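Below: query_32.cif (mmCIF, C-alpha atoms)
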data_entry
#
loop_
_atom_site.label_atom_id
_atom_site.label_comp_id
_atom_site.auth_asym_id
_atom_site.auth_seq_id
_atom_site.Cartn_x
_atom_site.Cartn_y
_atom_site.Cartn_z
CA MET Y 17 -79.03 0.44 -24.35
CA LYS Y 18 -77.63 -3.05 -24.92
CA THR Y 19 -74.47 -3.87 -22.98
CA LYS Y 20 -72.54 -4.69 -26.17
CA GLU Y 21 -73.28 -1.34 -27.82
CA LEU Y 22 -72.40 0.52 -24.64
CA PHE Y 23 -69.07 -1.31 -24.30
CA ILE Y 24 -68.12 -0.59 -27.94
CA ILE Y 25 -68.83 3.12 -27.60
CA ILE Y 26 -66.98 3.37 -24.27
CA TYR Y 27 -63.94 1.52 -25.63
CA ASN Y 28 -63.61 3.77 -28.67
CA ILE Y 29 -64.04 6.94 -26.60
CA VAL Y 30 -61.28 5.74 -24.24
CA VAL Y 31 -58.93 5.06 -27.17
CA VAL Y 32 -59.61 8.42 -28.81
CA LEU Y 33 -59.01 10.39 -25.59
CA SER Y 34 -55.84 8.37 -24.99
CA VAL Y 35 -54.59 9.39 -28.43
CA MET Y 36 -55.55 12.99 -27.81
CA TYR Y 37 -53.74 13.38 -24.48
CA ALA Y 38 -50.84 10.96 -24.96
CA THR Y 39 -48.56 13.85 -25.97
CA GLN Y 40 -49.21 15.93 -22.83
CA PRO Y 41 -46.77 14.24 -20.41
CA LEU Y 42 -44.34 13.82 -23.33
CA GLN Y 43 -44.19 17.52 -24.17
CA PRO Y 44 -40.86 18.25 -22.44
CA LEU Y 45 -39.38 15.11 -24.09
CA LEU Y 46 -40.78 15.98 -27.54
CA ALA Y 47 -39.64 19.60 -27.17
CA LYS Y 48 -36.11 18.28 -26.61
CA GLU Y 49 -36.42 15.64 -29.34
CA PHE Y 50 -37.50 18.13 -32.03
CA GLU Y 51 -35.60 21.10 -30.52
CA VAL Y 52 -38.65 23.37 -30.18
CA SER Y 53 -40.06 25.72 -27.51
CA ILE Y 54 -42.71 25.10 -24.84
CA VAL Y 55 -45.33 26.86 -26.97
CA LYS Y 56 -44.55 24.74 -30.05
CA SER Y 57 -44.60 21.43 -28.18
CA SER Y 58 -47.93 22.43 -26.63
CA GLN Y 59 -49.33 22.60 -30.15
CA PHE Y 60 -49.31 18.79 -30.38
CA THR Y 61 -52.34 18.84 -28.06
CA ALA Y 62 -53.60 22.31 -29.03
CA VAL Y 63 -54.05 21.39 -32.71
CA ILE Y 64 -56.55 18.69 -31.77
CA MET Y 65 -58.32 21.13 -29.46
CA LEU Y 66 -58.57 23.57 -32.37
CA PHE Y 67 -60.29 21.11 -34.67
CA LEU Y 68 -62.47 19.87 -31.84
CA ALA Y 69 -63.57 23.47 -31.47
CA ILE Y 70 -64.40 23.91 -35.15
CA ALA Y 71 -65.57 20.51 -36.31
CA PRO Y 72 -68.30 19.36 -33.88
CA ILE Y 73 -70.89 21.86 -35.11
CA ILE Y 74 -70.25 20.66 -38.67
CA TYR Y 75 -70.22 17.00 -37.64
CA GLY Y 76 -73.25 17.56 -35.45
CA TYR Y 77 -75.07 18.99 -38.46
CA ILE Y 78 -73.92 16.13 -40.72
CA LEU Y 79 -74.89 13.49 -38.16
CA GLU Y 80 -78.49 14.68 -38.33
CA ARG Y 81 -78.43 13.34 -41.91
CA VAL Y 82 -75.67 10.71 -42.15
CA ASN Y 83 -75.34 7.34 -40.44
CA ALA Y 84 -73.31 7.88 -37.25
CA LYS Y 85 -71.89 4.34 -37.37
CA ARG Y 86 -70.47 4.95 -40.85
CA VAL Y 87 -68.77 8.15 -39.68
CA LEU Y 88 -67.39 6.36 -36.61
CA LEU Y 89 -66.01 3.50 -38.72
CA THR Y 90 -64.28 5.70 -41.29
CA ALA Y 91 -62.77 8.10 -38.77
CA SER Y 92 -61.47 5.24 -36.58
CA LEU Y 93 -59.73 3.64 -39.57
CA ILE Y 94 -57.89 6.88 -40.34
CA LEU Y 95 -56.89 7.25 -36.68
CA ALA Y 96 -55.34 3.77 -36.61
CA VAL Y 97 -53.22 4.59 -39.66
CA THR Y 98 -52.06 8.03 -38.48
CA ASN Y 99 -50.88 6.72 -35.11
CA THR Y 100 -48.61 4.30 -36.91
CA PHE Y 101 -47.09 7.13 -38.94
CA LEU Y 102 -46.60 9.24 -35.80
CA SER Y 103 -44.14 6.70 -34.45
CA PHE Y 104 -41.95 7.22 -37.55
CA SER Y 105 -41.90 11.03 -37.34
CA THR Y 106 -38.44 12.55 -37.68
CA SER Y 107 -39.25 16.24 -37.42
CA TYR Y 108 -41.53 18.68 -35.63
CA GLU Y 109 -43.27 19.57 -38.91
CA MET Y 110 -43.97 15.94 -39.78
CA PHE Y 111 -45.28 15.15 -36.31
CA LEU Y 112 -47.53 18.22 -36.25
CA THR Y 113 -48.89 17.48 -39.74
CA ILE Y 114 -49.93 13.96 -38.75
CA ARG Y 115 -51.46 15.25 -35.52
CA THR Y 116 -53.43 17.72 -37.63
CA ILE Y 117 -54.88 14.84 -39.65
CA GLU Y 118 -55.83 13.15 -36.37
CA ALA Y 119 -57.38 16.42 -35.25
CA ILE Y 120 -59.74 16.29 -38.23
CA VAL Y 121 -61.07 12.80 -37.48
CA ILE Y 122 -61.14 12.83 -33.65
CA PRO Y 123 -64.13 15.24 -33.51
CA ALA Y 124 -66.01 12.90 -35.86
CA ILE Y 125 -65.45 9.98 -33.49
CA LEU Y 126 -66.43 11.91 -30.37
CA THR Y 127 -69.49 13.60 -31.86
CA SER Y 128 -70.79 10.41 -33.48
CA SER Y 129 -70.25 8.53 -30.20
CA MET Y 130 -72.05 11.26 -28.26
CA SER Y 131 -74.83 11.21 -30.86
CA ILE Y 132 -75.29 7.45 -30.53
CA LEU Y 133 -75.40 7.68 -26.73
CA ALA Y 134 -77.95 10.51 -26.89
CA ASN Y 135 -80.22 8.79 -29.43
CA ILE Y 136 -80.05 5.08 -28.75
CA ASP Y 137 -81.84 5.32 -25.37
CA LYS Y 138 -83.71 8.62 -25.02
CA VAL Y 139 -85.22 7.59 -21.70
CA ASN Y 140 -81.77 7.61 -20.07
CA VAL Y 141 -80.09 10.52 -21.84
CA LYS Y 142 -78.67 12.04 -18.64
CA LEU Y 143 -77.24 8.68 -17.54
CA ASN Y 144 -75.70 8.11 -20.96
CA MET Y 145 -74.10 11.57 -20.92
CA SER Y 146 -72.58 10.77 -17.53
CA ILE Y 147 -71.19 7.57 -19.04
CA TYR Y 148 -69.80 9.60 -21.95
CA VAL Y 149 -68.01 12.01 -19.60
CA ALA Y 150 -66.66 9.13 -17.47
CA SER Y 151 -65.31 7.47 -20.63
CA THR Y 152 -63.54 10.64 -21.77
CA VAL Y 153 -62.04 11.07 -18.30
CA PHE Y 154 -60.79 7.48 -18.19
CA GLY Y 155 -59.37 7.82 -21.69
CA GLY Y 156 -57.53 10.99 -20.73
CA LEU Y 157 -56.16 9.27 -17.62
CA VAL Y 158 -55.01 6.16 -19.50
CA GLY Y 159 -53.44 8.19 -22.30
CA ARG Y 160 -51.44 10.40 -19.95
CA VAL Y 161 -50.31 7.79 -17.40
CA PHE Y 162 -49.42 5.00 -19.82
CA SER Y 163 -47.73 7.24 -22.39
CA GLY Y 164 -45.43 8.53 -19.66
CA TYR Y 165 -44.68 4.99 -18.51
CA ILE Y 166 -44.12 3.58 -22.00
CA ALA Y 167 -41.93 6.53 -23.03
CA THR Y 168 -39.73 6.13 -19.94
CA TYR Y 169 -39.22 2.37 -20.13
CA PHE Y 170 -39.48 1.81 -23.89
CA SER Y 171 -39.66 4.85 -26.21
CA TRP Y 172 -42.04 7.62 -27.23
CA GLN Y 173 -42.43 5.89 -30.61
CA MET Y 174 -43.84 2.81 -28.86
CA VAL Y 175 -46.55 5.00 -27.31
CA PHE Y 176 -48.12 5.64 -30.70
CA LEU Y 177 -47.64 2.10 -32.02
CA SER Y 178 -49.57 0.77 -29.02
CA LEU Y 179 -52.32 3.33 -29.62
CA SER Y 180 -52.51 2.25 -33.25
CA PHE Y 181 -53.04 -1.36 -32.15
CA ALA Y 182 -55.77 -0.26 -29.72
CA SER Y 183 -57.47 1.67 -32.55
CA LEU Y 184 -57.52 -1.44 -34.75
CA ILE Y 185 -59.31 -3.38 -32.00
CA GLY Y 186 -61.84 -0.54 -31.78
CA LEU Y 187 -62.31 -0.67 -35.53
CA PHE Y 188 -63.18 -4.37 -35.32
CA LEU Y 189 -65.67 -3.71 -32.51
CA ILE Y 190 -67.43 -0.92 -34.45
CA THR Y 191 -68.27 -3.38 -37.23
CA ARG Y 192 -70.24 -5.31 -34.58
CA LEU Y 193 -72.14 -2.22 -33.46
CA ASN Y 194 -75.91 -2.58 -33.88
CA TYR Y 195 -77.22 0.95 -34.44
CA ASP Y 196 -79.80 2.16 -36.96
CA ALA Y 197 -79.09 5.89 -36.92
CA GLN Y 198 -81.63 6.81 -39.57
CA ALA Y 199 -84.49 5.78 -37.32
CA HIS Y 200 -83.55 8.47 -34.79
CA LEU Y 201 -82.57 11.44 -36.94
CA THR Y 202 -84.20 14.80 -37.47
CA LYS Y 203 -83.41 17.29 -40.21
CA ALA Y 204 -81.37 20.29 -39.11
CA THR Y 205 -80.94 23.66 -40.80
CA ILE Y 206 -78.53 26.55 -40.30
CA LYS Y 207 -81.38 28.42 -38.61
CA ASP Y 208 -81.42 25.72 -35.94
CA ILE Y 209 -77.87 26.67 -34.93
CA THR Y 210 -78.74 30.35 -34.51
CA HIS Y 211 -81.94 29.40 -32.68
CA ILE Y 212 -79.98 27.35 -30.15
CA LEU Y 213 -77.49 30.17 -29.60
CA LYS Y 214 -80.33 32.62 -28.97
CA ASP Y 215 -81.51 30.44 -26.09
CA LYS Y 216 -79.75 32.07 -23.12
CA ARG Y 217 -79.64 28.79 -21.24
CA PHE Y 218 -77.42 27.25 -23.91
CA PHE Y 219 -75.32 30.42 -24.09
CA VAL Y 220 -74.62 30.35 -20.33
CA ILE Y 221 -73.68 26.65 -20.37
CA TYR Y 222 -71.48 27.04 -23.47
CA LEU Y 223 -69.65 30.10 -22.09
CA LEU Y 224 -69.18 28.37 -18.75
CA MET Y 225 -67.47 25.37 -20.33
CA PHE Y 226 -65.34 27.61 -22.54
CA SER Y 227 -63.94 29.29 -19.42
CA ILE Y 228 -63.56 26.15 -17.32
CA PHE Y 229 -61.75 24.19 -20.02
CA PHE Y 230 -59.56 27.23 -20.86
CA VAL Y 231 -58.12 27.04 -17.34
CA PHE Y 232 -58.10 23.24 -17.15
CA ALA Y 233 -56.30 22.69 -20.45
CA GLY Y 234 -53.98 25.64 -19.90
CA VAL Y 235 -52.75 24.58 -16.46
CA LEU Y 236 -52.38 20.87 -17.28
CA ASN Y 237 -50.56 21.67 -20.53
CA ILE Y 238 -47.78 23.58 -18.80
CA LEU Y 239 -47.73 21.60 -15.53
CA PRO Y 240 -45.10 19.13 -16.89
CA PHE Y 241 -42.79 22.07 -17.59
CA ARG Y 242 -43.46 23.45 -14.09
CA LEU Y 243 -42.44 20.11 -12.58
CA LYS Y 244 -39.27 20.10 -14.67
CA GLU Y 245 -38.65 23.65 -13.48
CA LEU Y 246 -39.00 22.62 -9.82
CA ASP Y 247 -37.07 19.35 -10.27
CA PRO Y 248 -35.16 18.82 -13.58
CA SER Y 249 -34.70 15.11 -12.80
CA THR Y 250 -38.46 14.43 -13.07
CA SER Y 251 -39.08 11.58 -15.56
CA GLU Y 252 -41.92 11.16 -18.07
CA SER Y 253 -43.39 8.31 -16.01
CA GLN Y 254 -43.46 10.57 -12.93
CA ILE Y 255 -45.15 13.29 -14.96
CA GLY Y 256 -47.67 10.72 -16.16
CA LEU Y 257 -48.46 9.72 -12.56
CA LEU Y 258 -49.27 13.37 -11.89
CA TYR Y 259 -52.46 12.86 -13.91
CA LEU Y 260 -53.78 10.10 -11.64
CA GLY Y 261 -55.90 12.85 -10.11
CA TYR Y 262 -57.79 12.76 -13.39
CA GLY Y 263 -59.41 9.58 -12.10
CA VAL Y 264 -61.53 11.68 -9.74
CA GLY Y 265 -63.50 12.65 -12.83
CA ILE Y 266 -64.59 9.04 -13.31
CA VAL Y 267 -66.02 8.88 -9.79
CA VAL Y 268 -67.73 12.25 -10.22
CA SER Y 269 -69.24 11.25 -13.56
CA LEU Y 270 -70.63 7.94 -12.34
CA PHE Y 271 -71.96 9.26 -9.02
CA ILE Y 272 -73.06 12.70 -10.16
CA HIS Y 273 -76.72 11.92 -9.42
CA LYS Y 274 -75.84 11.45 -5.73
CA ILE Y 275 -73.77 14.65 -5.72
CA ILE Y 276 -76.69 16.56 -7.26
CA LYS Y 277 -79.06 15.02 -4.72
CA PHE Y 278 -76.78 16.21 -1.92
CA PHE Y 279 -76.90 19.81 -3.20
CA ASP Y 280 -80.59 19.43 -4.08
CA LYS Y 281 -80.31 21.13 -7.50
CA GLU Y 282 -78.03 20.91 -10.54
CA MET Y 283 -77.18 24.63 -10.73
CA LYS Y 284 -76.15 24.62 -7.06
CA THR Y 285 -73.87 21.68 -7.88
CA ILE Y 286 -72.30 23.63 -10.74
CA LEU Y 287 -71.63 26.64 -8.50
CA PHE Y 288 -70.03 24.33 -5.92
CA GLY Y 289 -67.82 22.87 -8.64
CA ILE Y 290 -66.66 26.32 -9.73
CA VAL Y 291 -65.75 27.26 -6.15
CA ILE Y 292 -63.68 24.06 -5.76
CA PHE Y 293 -62.04 24.78 -9.12
CA ILE Y 294 -61.07 28.32 -8.03
CA ILE Y 295 -59.61 27.08 -4.73
CA SER Y 296 -57.57 24.33 -6.41
CA THR Y 297 -56.30 26.70 -9.09
CA SER Y 298 -54.99 29.06 -6.41
CA LEU Y 299 -53.10 26.16 -4.76
CA TYR Y 300 -50.90 25.74 -7.85
CA ILE Y 301 -48.87 28.65 -6.45
CA VAL Y 302 -47.34 26.15 -3.98
CA GLU Y 303 -43.85 25.02 -5.02
CA ASN Y 304 -43.91 21.55 -3.44
CA PRO Y 305 -44.25 18.87 -6.21
CA PHE Y 306 -46.10 16.49 -3.87
CA ILE Y 307 -48.66 19.19 -3.01
CA LEU Y 308 -49.08 19.86 -6.75
CA PHE Y 309 -49.69 16.13 -7.26
CA LEU Y 310 -52.42 16.08 -4.60
CA ASN Y 311 -53.93 19.30 -5.89
CA VAL Y 312 -54.63 17.72 -9.28
CA PHE Y 313 -57.24 15.55 -7.51
CA LEU Y 314 -59.02 18.64 -6.15
CA PHE Y 315 -58.60 20.44 -9.48
CA CYS Y 316 -60.26 17.57 -11.34
CA LEU Y 317 -63.02 17.31 -8.73
CA GLY Y 318 -64.07 20.89 -9.44
CA MET Y 319 -63.71 20.69 -13.20
CA PHE Y 320 -65.55 17.41 -13.73
CA THR Y 321 -68.37 18.33 -11.37
CA VAL Y 322 -69.06 21.36 -13.57
CA HIS Y 323 -68.48 19.45 -16.84
CA THR Y 324 -70.66 16.44 -16.00
CA VAL Y 325 -73.63 18.48 -14.77
CA SER Y 326 -73.34 20.92 -17.68
CA THR Y 327 -73.30 18.05 -20.18
CA ARG Y 328 -76.46 16.58 -18.61
CA ILE Y 329 -78.24 19.94 -18.77
CA ALA Y 330 -77.12 20.79 -22.32
CA ASN Y 331 -78.31 17.44 -23.66
CA SER Y 332 -81.70 17.56 -21.93
CA LEU Y 333 -82.79 21.11 -22.81
CA LYS Y 334 -84.12 20.00 -26.23
CA GLU Y 335 -85.94 16.80 -27.11
CA SER Y 336 -84.73 16.80 -30.72
CA GLN Y 337 -81.49 17.58 -32.60
CA LYS Y 338 -79.29 16.17 -29.88
CA SER Y 339 -76.43 15.64 -32.35
CA LEU Y 340 -76.46 19.35 -33.11
CA THR Y 341 -76.61 20.52 -29.49
CA SER Y 342 -73.92 17.97 -28.56
CA GLY Y 343 -71.70 19.25 -31.35
CA MET Y 344 -72.15 22.87 -30.28
CA TYR Y 345 -71.39 21.98 -26.66
CA LEU Y 346 -68.16 20.28 -27.72
CA SER Y 347 -67.25 23.25 -29.92
CA PHE Y 348 -67.42 25.80 -27.10
CA TYR Y 349 -65.74 23.35 -24.74
CA TYR Y 350 -62.77 22.84 -27.05
CA ILE Y 351 -62.56 26.47 -28.19
CA GLY Y 352 -61.78 27.11 -24.53
CA GLY Y 353 -59.27 24.25 -24.58
CA THR Y 354 -57.62 25.56 -27.74
CA VAL Y 355 -57.21 29.09 -26.44
CA GLY Y 356 -56.14 27.64 -23.09
CA SER Y 357 -53.47 25.53 -24.80
CA ILE Y 358 -51.99 28.63 -26.46
CA ILE Y 359 -52.31 31.66 -24.16
CA PRO Y 360 -51.19 30.17 -20.78
CA PRO Y 361 -47.99 28.62 -22.29
CA MET Y 362 -47.18 31.98 -23.89
CA PHE Y 363 -47.97 33.77 -20.63
CA TYR Y 364 -45.83 31.24 -18.74
CA GLU Y 365 -42.81 31.86 -20.98
CA LEU Y 366 -43.18 35.64 -20.71
CA TYR Y 367 -44.36 36.25 -17.15
CA GLY Y 368 -43.75 33.06 -15.18
CA TRP Y 369 -45.88 30.47 -13.41
CA ASN Y 370 -47.48 32.58 -10.67
CA ASN Y 371 -48.76 35.28 -13.02
CA THR Y 372 -50.25 32.58 -15.26
CA ILE Y 373 -52.17 31.18 -12.28
CA TYR Y 374 -53.40 34.70 -11.38
CA LEU Y 375 -54.69 35.11 -14.94
CA CYS Y 376 -56.64 31.84 -14.67
CA MET Y 377 -58.09 32.77 -11.29
CA PHE Y 378 -59.30 36.12 -12.61
CA LEU Y 379 -61.20 34.41 -15.44
CA LEU Y 380 -62.76 31.92 -13.02
CA PHE Y 381 -64.01 34.68 -10.70
CA ILE Y 382 -65.68 36.40 -13.66
CA ILE Y 383 -67.43 33.24 -14.89
CA PHE Y 384 -68.59 32.37 -11.35
CA ILE Y 385 -70.30 35.76 -11.03
CA PHE Y 386 -71.83 35.40 -14.51
CA VAL Y 387 -73.30 31.95 -13.81
CA TYR Y 388 -74.54 32.97 -10.37
CA LEU Y 389 -76.38 36.00 -11.78
CA ASN Y 390 -78.02 33.85 -14.49
CA ARG Y 391 -78.83 30.78 -12.39
CA LYS Y 392 -82.57 31.55 -12.25
CA ILE Y 393 -83.09 31.05 -16.00
CA PHE Y 394 -82.60 27.31 -15.38
CA LYS Y 395 -85.94 26.93 -13.63
CA ALA Y 396 -86.02 23.14 -13.80
CA TYR Y 397 -82.46 22.86 -12.46
CA ASN Y 398 -82.50 25.46 -9.67
#
Final structure tokens representation of the file:
Amino acid sequence: MKTKELFIIIYNIVVVLSVMYATQPLQPLLAKEFEVSIVKSSQFTAVIMLFLAIAPIIYGYILERVNAKRVLLTASLILAVTNTFLSFSTSYEMFLTIRTIEAIVIPAILTSSMSILANIDKVNVKLNMSIYVASTVFGGLVGRVFSGYIATYFSWQMVFLSLSFASLIGLFLITRLNYDAQAHLTKATIKDITHILKDKRFFVIYLLMFSIFFVFAGVLNILPFRLKELDPSTSESQIGLLYLGYGVGIVVSLFIHKIIKFFDKEMKTILFGIVIFIISTSLYIVENPFILFLNVFLFCLGMFTVHTVSTRIANSLKESQKSLTSGMYLSFYYIGGTVGSIIPPMFYELYGWNNTIYLCMFLLFIIFIFVYLNRKIFKAYN
């Protein structure tokens, strides 16, 4: 892959993930601003998760037939406009409506970007998928940390104006992207989707990421409220700094080949990641804010170890239709995120923080057993 094309794709992924997660550290502030509950303010992130769950299969199917660059260009233009309108929102309904529009186009940007990375250099698919994951992690980190900082020292409206400006730069860069999608496409049918789902290897990977992202999205969505609960004086910039642990995912993504080499096989690496994820989830019971801050690093280490290796496996199981398999992977991933953005906040309001953590731990124990029992079907990765 040429350096220019790689930079353009990485930049746009970073911007999109920044847009997606910018509301997370702002949720307590936005809940107060629009006078809504924890569950309703969580919907600003959950609505994007919902469309990311539904849309990638459709976009993945479309991208087998339509130029990925054209999709990327159109969707990025819409995103730049909507972020501007977000800064002028005066009500919860208006804000959520605009976020819903963003939720429609964000999957198009991510799936087309993933498609380009998977098709432009088929010799290095696994490396490119690691780069994709690292870009999403960095974008999530930038979006959370800087939105908290900007909201504290300027205003929450300025958060979205700055993201709109960043989207316009990305739009300019996409016009310089040299990518002939039609030369790499294959024709997909509805039967291809059912065929992929019947492959137990895909089913295990998809269910794994549903469960992992359910817990990850759920805990990080309500963590700002937990910090406010422990210390009401906590600012948005301090909440944003909490997500610095997210940066561990960048290191994991870029050095995953060395981590896999250490454990000898990819499935062993995944099982290790799940164990770390379970341990870190249990540590959220601690009431010390500083310990919670440190635990995010361990939490992200477990999650992104599983995510990065799973992405590599899912995108190397089939030689063709990588747009479709990428889209399906993202769908299951974000279905978990959507459900995780809804159920844990509801559980938190009804039963408290500790019981929410126990719920997450129970799910993780179940998925660990499931993956362990099915590890032998991944012959090339065991």
**OP:** May I ask which of the residues Y:Leu42, Y:Ile190, Y:Ile358, Y:Leu112 is the closest one to Y:Thr90, counting all atoms listed in the file?
**Re:** Y:Ile190
Subject >> Minimum-distance residue to Y:Ser128, chosen among Y:Lys85, Y:Lys284, Y:Arg242, Y:Lys48 (using all atoms listed in the file) >> reply: Y:Lys85
**OP:** Name the residues that the PyMOL selection byres ((chain Y and resi 328) around 9) picks from the file above, as a PyMOL selection string, using the file's chain letters and numbers.
**Re:** chain Y and resi 141-146+323-327+329-333
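Compared by their closest atoms to Y:Ser131, and using all atoms listed in the file, the residues Y:Leu379, Y:Val220, Y:Val87, Y:Leu33 rank with Y:Val87 nearest.
Using only C-alpha atoms, the nearest neighbour of Y:Gly186 within the list Y:Thr39, Y:Asn28, Y:Asn237, Y:Thr210 is Y:Asn28.
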Subject >> Y:Gly164 surroundings by only C-alpha atoms, 6 Å radius, close-in-sequence under 6 positions cut, as a VMD selection string >> reply: chain Y and resid 41 252 to 253 256
Could those selected residues go to a file with C-alpha atoms, as a PDB file, keeping the file's coordinate frame?
ATOM      1  CA  PRO Y  41     -46.770  14.240 -20.410  1.00  0.00           C
ATOM      2  CA  GLU Y 252     -41.920  11.160 -18.070  1.00  0.00           C
ATOM      3  CA  SER Y 253     -43.390   8.310 -16.010  1.00  0.00           C
ATOM      4  CA  GLY Y 256     -47.670  10.720 -16.160  1.00  0.00           C
TER       5      GLY Y 256
END
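Taking only C-alpha atoms into account, those protein, DNA and RNA residues with any atom at most 10 Å away from (-72.4, 9.5, -11.1) amount to Leu143, Ser146, Ile147, Val149, Ala150, Gly265, Ile266, Val267, Val268, Ser269, Leu270, Phe271, Ile272, His273, Lys274, Ile275, Ile276, Thr321, Thr324 and Val325 of chain Y.
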**OP:** Return as a VMD selection string the set of residues that the PyMOL selection byres ((chain Y and resi 347-352) around 9) yields on the displayed structure.
**Re:** chain Y and resid 64 to 73 222 to 231 233 342 to 346 353 to 357
**OP:** For the structure shown, which residues end up in the PyMOL selection byres ((chain Y and resi 26) around 10)? Put them as a PyMOL selection string, please?
**Re:** chain Y and resi 20-25+27-31+129+133+147-152+154-155+186
Original post:
So which one's closest to Y:Ile136, Y:Ile382, Y:Ile292, Y:Ala84, Y:Leu179? Using all atoms listed in the file, please.
Top reply: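 Under the stated criterion, the closest residue is Y:Ala84.
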**OP:** Would you please work out which residue, of Y:Leu375, Y:Val387, Y:Pro360, Y:Thr341, is nearest to Y:Asp208 when using all atoms listed in the file?
**Re:**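 Looking at the shortest contact to Y:Asp208, the residue is Y:Thr341.
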**OP:** Tell me, as a PyMOL selection string, which residues lie within 12 Å of Y:Glu109, counting only C-alpha atoms; anything in the same chain fewer than 5 positions away does not count.
**Re:** chain Y and resi 50-52+56-57+59-60+102+114-116
Hey, what's within 10 Å of Y:Ala38 if we count only C-alpha atoms and toss same-chain stuff fewer than 5 positions away? As a compact mmCIF listing (two decimals) with C-alpha atoms, keeping the file's coordinate frame, please?
# COMPACT_ATOMS: atom_id res chain seq x y z
CA VAL Y 32 -59.61 8.42 -28.81
CA LEU Y 33 -59.01 10.39 -25.59
CA GLN Y 43 -44.19 17.52 -24.17
CA PHE Y 60 -49.31 18.79 -30.38
CA THR Y 61 -52.34 18.84 -28.06
CA GLY Y 155 -59.37 7.82 -21.69
CA GLY Y 156 -57.53 10.99 -20.73
CA LEU Y 157 -56.16 9.27 -17.62
CA VAL Y 158 -55.01 6.16 -19.50
CA GLY Y 159 -53.44 8.19 -22.30
CA ARG Y 160 -51.44 10.40 -19.95
CA VAL Y 161 -50.31 7.79 -17.40
CA PHE Y 162 -49.42 5.00 -19.82
CA SER Y 163 -47.73 7.24 -22.39
CA GLY Y 164 -45.43 8.53 -19.66
CA TRP Y 172 -42.04 7.62 -27.23
CA VAL Y 175 -46.55 5.00 -27.31
CA PHE Y 176 -48.12 5.64 -30.70
CA LEU Y 179 -52.32 3.33 -29.62
CA GLY Y 256 -47.67 10.72 -16.16
Padded axis-aligned box of stretch 97-104 of chain Y (3 Å per side), centre and edge lengths, Å, one decimal, as lines of an AutoDock Vina configuration file:
center_x = -47.6
center_y = 6.8
center_z = -37.1
size_x = 17.3
size_y = 10.9
size_z = 11.2
Subject >> 10 Å contact set for Y:Leu184, only C-alpha atoms, chain neighbours under 2 positions out, as a PyMOL selection string >> reply: chain Y and resi 92-93+95-97+179-182+186-190
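In this structure, atom CA of Y:Ser178 sits 23.2 Å away from atom CA of Y:Leu193.
Here atom CA of Y:Gly261 and atom CA of Y:Phe384 stand 23.3 Å from one another.
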**OP:** Excluding Y:Trp369 and residues on its chain fewer than 5 positions from it, collect all residues at most 12 Å away from it, counting only C-alpha atoms, and give them as a ChimeraX atom specification.
**Re:** /Y:234-235,238-243,245-246,297-298,300-303,360-364,374-376
Original post:
Could you state the separation of atom CA of Y:Phe293 and atom CA of Y:Met319 in Å, given to one decimal place?
Top reply: 6.0 Å
